[in-house]
Amino acid sequence: MDVADLDYRARTLQGCIPPHLVSRLLELGHDEEVARQAGRGEWFCARERARLLGALDRQAQAWDVLAPYVATGWWTAAETAAGLLEGWGRAEEAMALVRPHGEAGDRSALVFFARLLARHGRADEAFTLVRPYLKDWWAAAALVDVAQSAGRDEKAAALLAARIEAGRRCGTPSCHRHGVEPSNAVALLAAIRERQGRIDDAVALLHTRDVTSVNGRDELADLLARHDRIEDLRAYARTEYHGHAAQRLAEVLEERGDVEGAIAVYQQPGDSPARRCDGAVRLAQLLVRHGRAGEAIAVMRALADSPEGGQDWIVDQLCTLYADQGRARDGLVYLDALKERRGEEDWDFFRMRLPLLVACGLREEAIEQVRAHPEGGTWYAAWSLAGLLADAGRLEEAVAVLVPHLPASSGVLAWHLIDLGRIEEAVDVLQRDPAPVEPPWTGEPDNGPPF
């Protein structure tokens, strides 16, 4: 096996059997095929086979499955094997396996190894290992994690405070926004202060952030909620631009049974289109959770008809809500009116008709409409058409629709072939696209030419 080839296939899910299809094979009782492919270089088959054997207390056999992959020096295989070893109570073997990767400075391996050390009573060693890489946000997060076990919170705090100060005094106008490395230094220092019980210090730190929301969450809002500082959270929610603080406030109020209070939060005027749109969607979801679907539809309908609300994802949520509440025909009427206003209906909006038509008992009409659509000959239309056919039990027709669209349809086609019991054909479809040989991805930007 070749490391570059393994790495490419695992990252891109091209030229291999992806995890969800491995699960499908096992679900339908094709264990022997999964075992066979595990021995032929199919990483996701090997990973799942090893996990299953380990769960059956057949650890030696599980290791035999992974050993050829580990022997290539590929970090992903070493990481998986170490996780299994740790789960089997063999932490020393796990640490020995990943140590060379971690000490070589590989970013993922460094963080994994440090946390593994800390979990097994060697937090001081983990702290020393990660400290030289403090400029990296991922390594910095690991440093803060292991610092607690090592009893070195103050040392970690001092290191982070120094980096924050240095970054903001670099002498250029862009420093305040981009000069701090790691980028999460302020949030990490606040996390240390919070676990030390210095909540006011943590709050003050988080008020100095340049980026307030990460992955749709606001750390300051979460901190205020954890410590029951609801009035502070309410004040912050009134001014926070993205609406994530308002979301957290509404979540807290709903958890306490104050549904009307949560609704009122989302009904407050927002200062940004994103806040207005997201807030309306969350309000609709809140109303549905509490049996007020009619009000939810009214909220989503008003949003979809607003100047900033005619986006496909918003209309899609409205149509889904119509279908879920047994009002599929109302959804179709809305799409008809939208099409008339716009004078056209591209695929992104047309596809929303299909589940509504099915919910109205009009599957055959949906099938015909897909075939007649101007984009009906595309691969993405073939996916939708195949889904309509497969759900009606017409798997052979679904397969026939997808074959002309290979390789774009390979994953969907393989799923249906597996359901038909045509396993060899499914595997052939998935493995047909050869993976290009390229160096394993390190997580660093590629400075080479684009072509």
# chains A, B, ... in the order shown; residues from 1 in each chain; ligands from 1
$ residues_around --residues "Asp312 of chain A" --least-positions-apart "4" --cutoff "8 Å" --atoms "only C-alpha atoms" --output "compact mmCIF listing (two decimals) with N, CA and C atoms, in the first residue's frame"
# COMPACT_ATOMS: atom_id res chain seq x y z
N ASP A 316 -36.65 26.53 1.12
CA ASP A 316 -36.60 25.09 1.35
C ASP A 316 -37.10 24.75 2.75
N ASP A 348 -32.65 24.70 -8.14
CA ASP A 348 -32.59 24.83 -6.69
C ASP A 348 -33.97 25.01 -6.07
N PHE A 349 -34.88 25.65 -6.81
CA PHE A 349 -36.24 25.82 -6.30
C PHE A 349 -37.16 24.70 -6.79
$ residues_around --residues "Asp346 of chain A" --least-positions-apart "2" --cutoff "12 Å" --atoms "only C-alpha atoms" --output "tab-separated table (two decimals) with N, CA and C atoms, in the first residue's frame"
chain	number	residue	atom	x	y	z
A	312	ASP	N	-32.74	30.30	-1.44
A	312	ASP	CA	-33.24	28.93	-1.61
A	312	ASP	C	-33.30	28.17	-0.29
A	335	LEU	N	-44.85	27.69	-4.07
A	335	LEU	CA	-43.83	27.60	-5.11
A	335	LEU	C	-44.38	28.07	-6.46
A	338	LEU	N	-44.32	31.81	-6.34
A	338	LEU	CA	-42.94	32.28	-6.42
A	338	LEU	C	-42.43	32.20	-7.86
A	339	LYS	N	-42.76	31.12	-8.53
A	339	LYS	CA	-42.35	30.95	-9.93
A	339	LYS	C	-42.99	32.03	-10.81
A	342	ARG	N	-41.19	35.36	-10.29
A	342	ARG	CA	-39.83	35.40	-10.82
A	342	ARG	C	-39.77	35.14	-12.33
A	343	GLY	N	-40.79	34.52	-12.84
A	343	GLY	CA	-40.82	34.23	-14.26
A	343	GLY	C	-40.02	33.01	-14.66
A	344	GLU	N	-39.41	32.34	-13.72
A	344	GLU	CA	-38.63	31.13	-13.99
A	344	GLU	C	-38.51	30.33	-12.70
A	348	ASP	N	-32.65	24.70	-8.14
A	348	ASP	CA	-32.59	24.83	-6.69
A	348	ASP	C	-33.97	25.01	-6.07
A	349	PHE	N	-34.88	25.65	-6.81
A	349	PHE	CA	-36.24	25.82	-6.30
A	349	PHE	C	-37.16	24.70	-6.79
A	350	PHE	N	-36.93	24.23	-8.01
A	350	PHE	CA	-37.77	23.15	-8.53
A	350	PHE	C	-37.66	21.89	-7.67
A	351	ARG	N	-36.46	21.55	-7.21
A	351	ARG	CA	-36.28	20.31	-6.44
A	351	ARG	C	-37.13	20.29	-5.17
A	352	MET	N	-37.50	21.48	-4.67
A	352	MET	CA	-38.33	21.54	-3.47
A	352	MET	C	-39.73	21.02	-3.73
A	353	ARG	N	-40.13	21.00	-5.00
A	353	ARG	CA	-41.46	20.48	-5.34
A	353	ARG	C	-41.57	18.98	-5.13
A	370	VAL	N	-39.46	15.88	-13.35
A	370	VAL	CA	-37.99	15.87	-13.37
A	370	VAL	C	-37.50	15.61	-14.79
A	373	HIS	N	-37.91	18.71	-16.99
A	373	HIS	CA	-37.26	19.96	-16.58
A	373	HIS	C	-36.07	20.27	-17.49
A	374	PRO	N	-35.81	21.55	-17.79
A	374	PRO	CA	-34.67	21.90	-18.64
A	374	PRO	C	-33.33	21.36	-18.13
A	375	GLU	N	-33.22	21.16	-16.81
A	375	GLU	CA	-31.99	20.61	-16.25
A	375	GLU	C	-32.12	19.12	-15.95
A	376	GLY	N	-33.13	18.50	-16.51
A	376	GLY	CA	-33.40	17.09	-16.21
A	376	GLY	C	-32.33	16.13	-16.69
A	381	ALA	N	-29.93	16.14	-11.35
A	381	ALA	CA	-31.31	15.74	-11.58
A	381	ALA	C	-31.45	14.22	-11.57
$ residues_around --residues "Leu84 of chain A" --least-positions-apart "3" --cutoff "9 Å" --atoms "only C-alpha atoms" --output "list in words"
Ala50, Arg51, Gly54, Glu79, Thr80, Ala81, Gly87, Trp88, Gly89, Arg90 and Ala94 of chain A
$ residues_around --residues "segment 127-130 of chain A" --least-positions-apart "4" --cutoff "7 Å" --atoms "only C-alpha atoms" --output "PyMOL selection string"
chain A and resi 114+123+134+139+143+146-147
$ select_by_dssp --residues "segment 216-344 of chain A" --states "alpha helix (DSSP H)" --output "PyMOL selection string"
chain A and resi 219-226+230-239+244-255+259-266+273-289+293-305+312-324+328-342
$ residues_around --residues "Ser149 of chain A" --least-positions-apart "6" --cutoff "12 Å" --atoms "only C-alpha atoms" --output "list in words"
Ala114, Arg115, Leu116, Leu117, Ala118, Arg119, His120, Gly121, Arg122, Ala123, Asp124, Glu125, Ala126, Phe127, Ala142, Leu143 and Ala156 of chain A
$ write_last_selection --atoms "N, CA and C atoms" --output "compact mmCIF listing (two decimals), in the first residue's frame"
# COMPACT_ATOMS: atom_id res chain seq x y z
N ALA A 114 -0.17 14.46 22.73
CA ALA A 114 -0.17 15.23 23.97
C ALA A 114 -1.39 14.90 24.82
N ARG A 115 -2.54 14.85 24.20
CA ARG A 115 -3.75 14.56 24.97
C ARG A 115 -3.74 13.11 25.48
N LEU A 116 -3.19 12.21 24.70
CA LEU A 116 -3.06 10.82 25.14
C LEU A 116 -2.16 10.72 26.36
N LEU A 117 -1.03 11.42 26.32
CA LEU A 117 -0.13 11.44 27.48
C LEU A 117 -0.86 11.98 28.72
N ALA A 118 -1.56 13.08 28.56
CA ALA A 118 -2.23 13.71 29.70
C ALA A 118 -3.30 12.80 30.29
N ARG A 119 -4.00 12.05 29.44
CA ARG A 119 -5.05 11.16 29.94
C ARG A 119 -4.49 10.02 30.79
N HIS A 120 -3.20 9.78 30.65
CA HIS A 120 -2.60 8.64 31.35
C HIS A 120 -1.46 9.06 32.28
N GLY A 121 -1.69 10.19 32.95
CA GLY A 121 -0.81 10.60 34.04
C GLY A 121 0.52 11.21 33.62
N ARG A 122 0.64 11.64 32.39
CA ARG A 122 1.92 12.21 31.94
C ARG A 122 1.68 13.60 31.35
N ALA A 123 0.92 14.41 32.10
CA ALA A 123 0.55 15.73 31.62
C ALA A 123 1.75 16.67 31.55
N ASP A 124 2.71 16.54 32.48
CA ASP A 124 3.91 17.40 32.43
C ASP A 124 4.66 17.18 31.13
N GLU A 125 4.82 15.92 30.74
CA GLU A 125 5.50 15.60 29.48
C GLU A 125 4.72 16.17 28.31
N ALA A 126 3.39 16.08 28.37
CA ALA A 126 2.56 16.62 27.29
C ALA A 126 2.71 18.12 27.17
N PHE A 127 2.74 18.81 28.31
CA PHE A 127 2.88 20.26 28.32
C PHE A 127 4.21 20.67 27.68
N ALA A 142 -4.61 22.39 22.78
CA ALA A 142 -4.15 21.19 23.48
C ALA A 142 -3.32 21.57 24.71
N LEU A 143 -2.50 22.61 24.58
CA LEU A 143 -1.69 23.06 25.72
C LEU A 143 -2.58 23.44 26.90
N ALA A 156 0.58 28.40 31.57
CA ALA A 156 -0.09 28.50 30.28
C ALA A 156 -0.71 29.88 30.10
$ residues_around --residues "Ala274 of chain A" --least-positions-apart "4" --cutoff "8 Å" --atoms "only C-alpha atoms" --output "ChimeraX atom specification"
/A:242-243,278
$ residues_around --residues "Pro404 of chain A" --least-positions-apart "4" --cutoff "9 Å" --atoms "only C-alpha atoms" --output "ChimeraX atom specification"
/A:379,400,409
$ closest_residue --among "A:Gly102, A:Gln148, A:Cys45, A:Val358" --to "Glu33 of chain A" --atoms "only C-alpha atoms"
A:Cys45
$ atom_distance --atom1 "atom CA of Glu295 of chain A" --atom2 "atom CA of Val259 of chain A"
13.8 Å
$ atom_distance --atom1 "atom CA of Ala77 of chain A" --atom2 "atom CA of Glu92 of chain A"
17.3 Å
$ decode --residues "segment 236-275 of chain A" --atoms "N, CA and C atoms" --output "compact mmCIF listing (two decimals), in the first residue's frame"
# COMPACT_ATOMS: atom_id res chain seq x y z
N TYR A 236 -25.91 41.74 26.42
CA TYR A 236 -24.99 41.42 25.33
C TYR A 236 -25.77 41.03 24.07
N ALA A 237 -26.87 40.29 24.24
CA ALA A 237 -27.67 39.85 23.09
C ALA A 237 -28.27 41.03 22.33
N ARG A 238 -28.50 42.14 23.01
CA ARG A 238 -29.09 43.30 22.34
C ARG A 238 -28.12 43.94 21.35
N THR A 239 -26.82 43.74 21.55
CA THR A 239 -25.84 44.43 20.73
C THR A 239 -25.01 43.50 19.84
N GLU A 240 -25.00 42.21 20.12
CA GLU A 240 -24.15 41.28 19.36
C GLU A 240 -24.68 41.12 17.94
N TYR A 241 -23.81 41.32 16.96
CA TYR A 241 -24.21 41.50 15.56
C TYR A 241 -24.79 40.24 14.93
N HIS A 242 -24.20 39.09 15.20
CA HIS A 242 -24.56 37.87 14.48
C HIS A 242 -25.84 37.22 14.97
N GLY A 243 -26.26 37.52 16.18
CA GLY A 243 -27.45 36.90 16.74
C GLY A 243 -27.19 35.63 17.52
N HIS A 244 -25.92 35.26 17.71
CA HIS A 244 -25.60 34.03 18.44
C HIS A 244 -25.81 34.19 19.94
N ALA A 245 -25.62 35.41 20.44
CA ALA A 245 -25.90 35.65 21.86
C ALA A 245 -27.41 35.59 22.11
N ALA A 246 -28.19 36.14 21.19
CA ALA A 246 -29.64 36.04 21.33
C ALA A 246 -30.09 34.59 21.28
N GLN A 247 -29.48 33.81 20.42
CA GLN A 247 -29.81 32.38 20.34
C GLN A 247 -29.54 31.70 21.68
N ARG A 248 -28.38 32.00 22.28
CA ARG A 248 -28.05 31.35 23.57
C ARG A 248 -29.01 31.78 24.65
N LEU A 249 -29.39 33.06 24.67
CA LEU A 249 -30.36 33.54 25.65
C LEU A 249 -31.69 32.83 25.49
N ALA A 250 -32.15 32.70 24.25
CA ALA A 250 -33.42 32.02 24.01
C ALA A 250 -33.35 30.56 24.42
N GLU A 251 -32.21 29.91 24.18
CA GLU A 251 -32.04 28.51 24.60
C GLU A 251 -32.16 28.37 26.11
N VAL A 252 -31.52 29.29 26.84
CA VAL A 252 -31.57 29.23 28.31
C VAL A 252 -33.00 29.43 28.80
N LEU A 253 -33.68 30.40 28.25
CA LEU A 253 -35.05 30.67 28.68
C LEU A 253 -35.97 29.49 28.36
N GLU A 254 -35.79 28.89 27.19
CA GLU A 254 -36.61 27.73 26.85
C GLU A 254 -36.33 26.57 27.80
N GLU A 255 -35.06 26.34 28.12
CA GLU A 255 -34.70 25.27 29.05
C GLU A 255 -35.36 25.47 30.41
N ARG A 256 -35.58 26.73 30.79
CA ARG A 256 -36.20 27.04 32.08
C ARG A 256 -37.72 27.06 32.01
N GLY A 257 -38.27 26.77 30.82
CA GLY A 257 -39.72 26.74 30.68
C GLY A 257 -40.34 28.06 30.32
N ASP A 258 -39.52 29.09 30.10
CA ASP A 258 -40.04 30.41 29.75
C ASP A 258 -40.11 30.52 28.22
N VAL A 259 -41.07 29.84 27.64
CA VAL A 259 -41.18 29.81 26.17
C VAL A 259 -41.51 31.19 25.63
N GLU A 260 -42.42 31.92 26.30
CA GLU A 260 -42.78 33.25 25.81
C GLU A 260 -41.59 34.19 25.86
N GLY A 261 -40.76 34.04 26.88
CA GLY A 261 -39.55 34.86 26.96
C GLY A 261 -38.59 34.55 25.83
N ALA A 262 -38.46 33.27 25.49
CA ALA A 262 -37.58 32.87 24.39
C ALA A 262 -38.11 33.42 23.07
N ILE A 263 -39.42 33.35 22.88
CA ILE A 263 -40.02 33.89 21.65
C ILE A 263 -39.75 35.39 21.55
N ALA A 264 -39.88 36.08 22.66
CA ALA A 264 -39.67 37.53 22.67
C ALA A 264 -38.24 37.89 22.26
N VAL A 265 -37.28 37.06 22.64
CA VAL A 265 -35.88 37.32 22.27
C VAL A 265 -35.74 37.36 20.76
N TYR A 266 -36.33 36.39 20.08
CA TYR A 266 -36.21 36.32 18.63
C TYR A 266 -37.02 37.40 17.92
N GLN A 267 -37.98 37.98 18.62
CA GLN A 267 -38.81 39.02 18.00
C GLN A 267 -38.20 40.41 18.13
N GLN A 268 -37.07 40.52 18.83
CA GLN A 268 -36.39 41.80 18.94
C GLN A 268 -35.78 42.19 17.59
N PRO A 269 -35.79 43.46 17.23
CA PRO A 269 -35.21 43.87 15.94
C PRO A 269 -33.72 43.57 15.90
N GLY A 270 -33.24 43.16 14.73
CA GLY A 270 -31.83 42.86 14.55
C GLY A 270 -31.14 43.91 13.70
N ASP A 271 -29.82 43.96 13.81
CA ASP A 271 -29.06 44.97 13.07
C ASP A 271 -28.40 44.42 11.82
N SER A 272 -28.59 43.14 11.53
CA SER A 272 -27.93 42.56 10.36
C SER A 272 -28.89 41.61 9.66
N PRO A 273 -28.79 41.50 8.33
CA PRO A 273 -29.65 40.55 7.62
C PRO A 273 -29.50 39.12 8.13
N ALA A 274 -28.26 38.73 8.43
CA ALA A 274 -28.03 37.37 8.92
C ALA A 274 -28.76 37.13 10.23
N ARG A 275 -28.69 38.14 11.11
CA ARG A 275 -29.36 37.99 12.41
C ARG A 275 -30.87 37.91 12.23
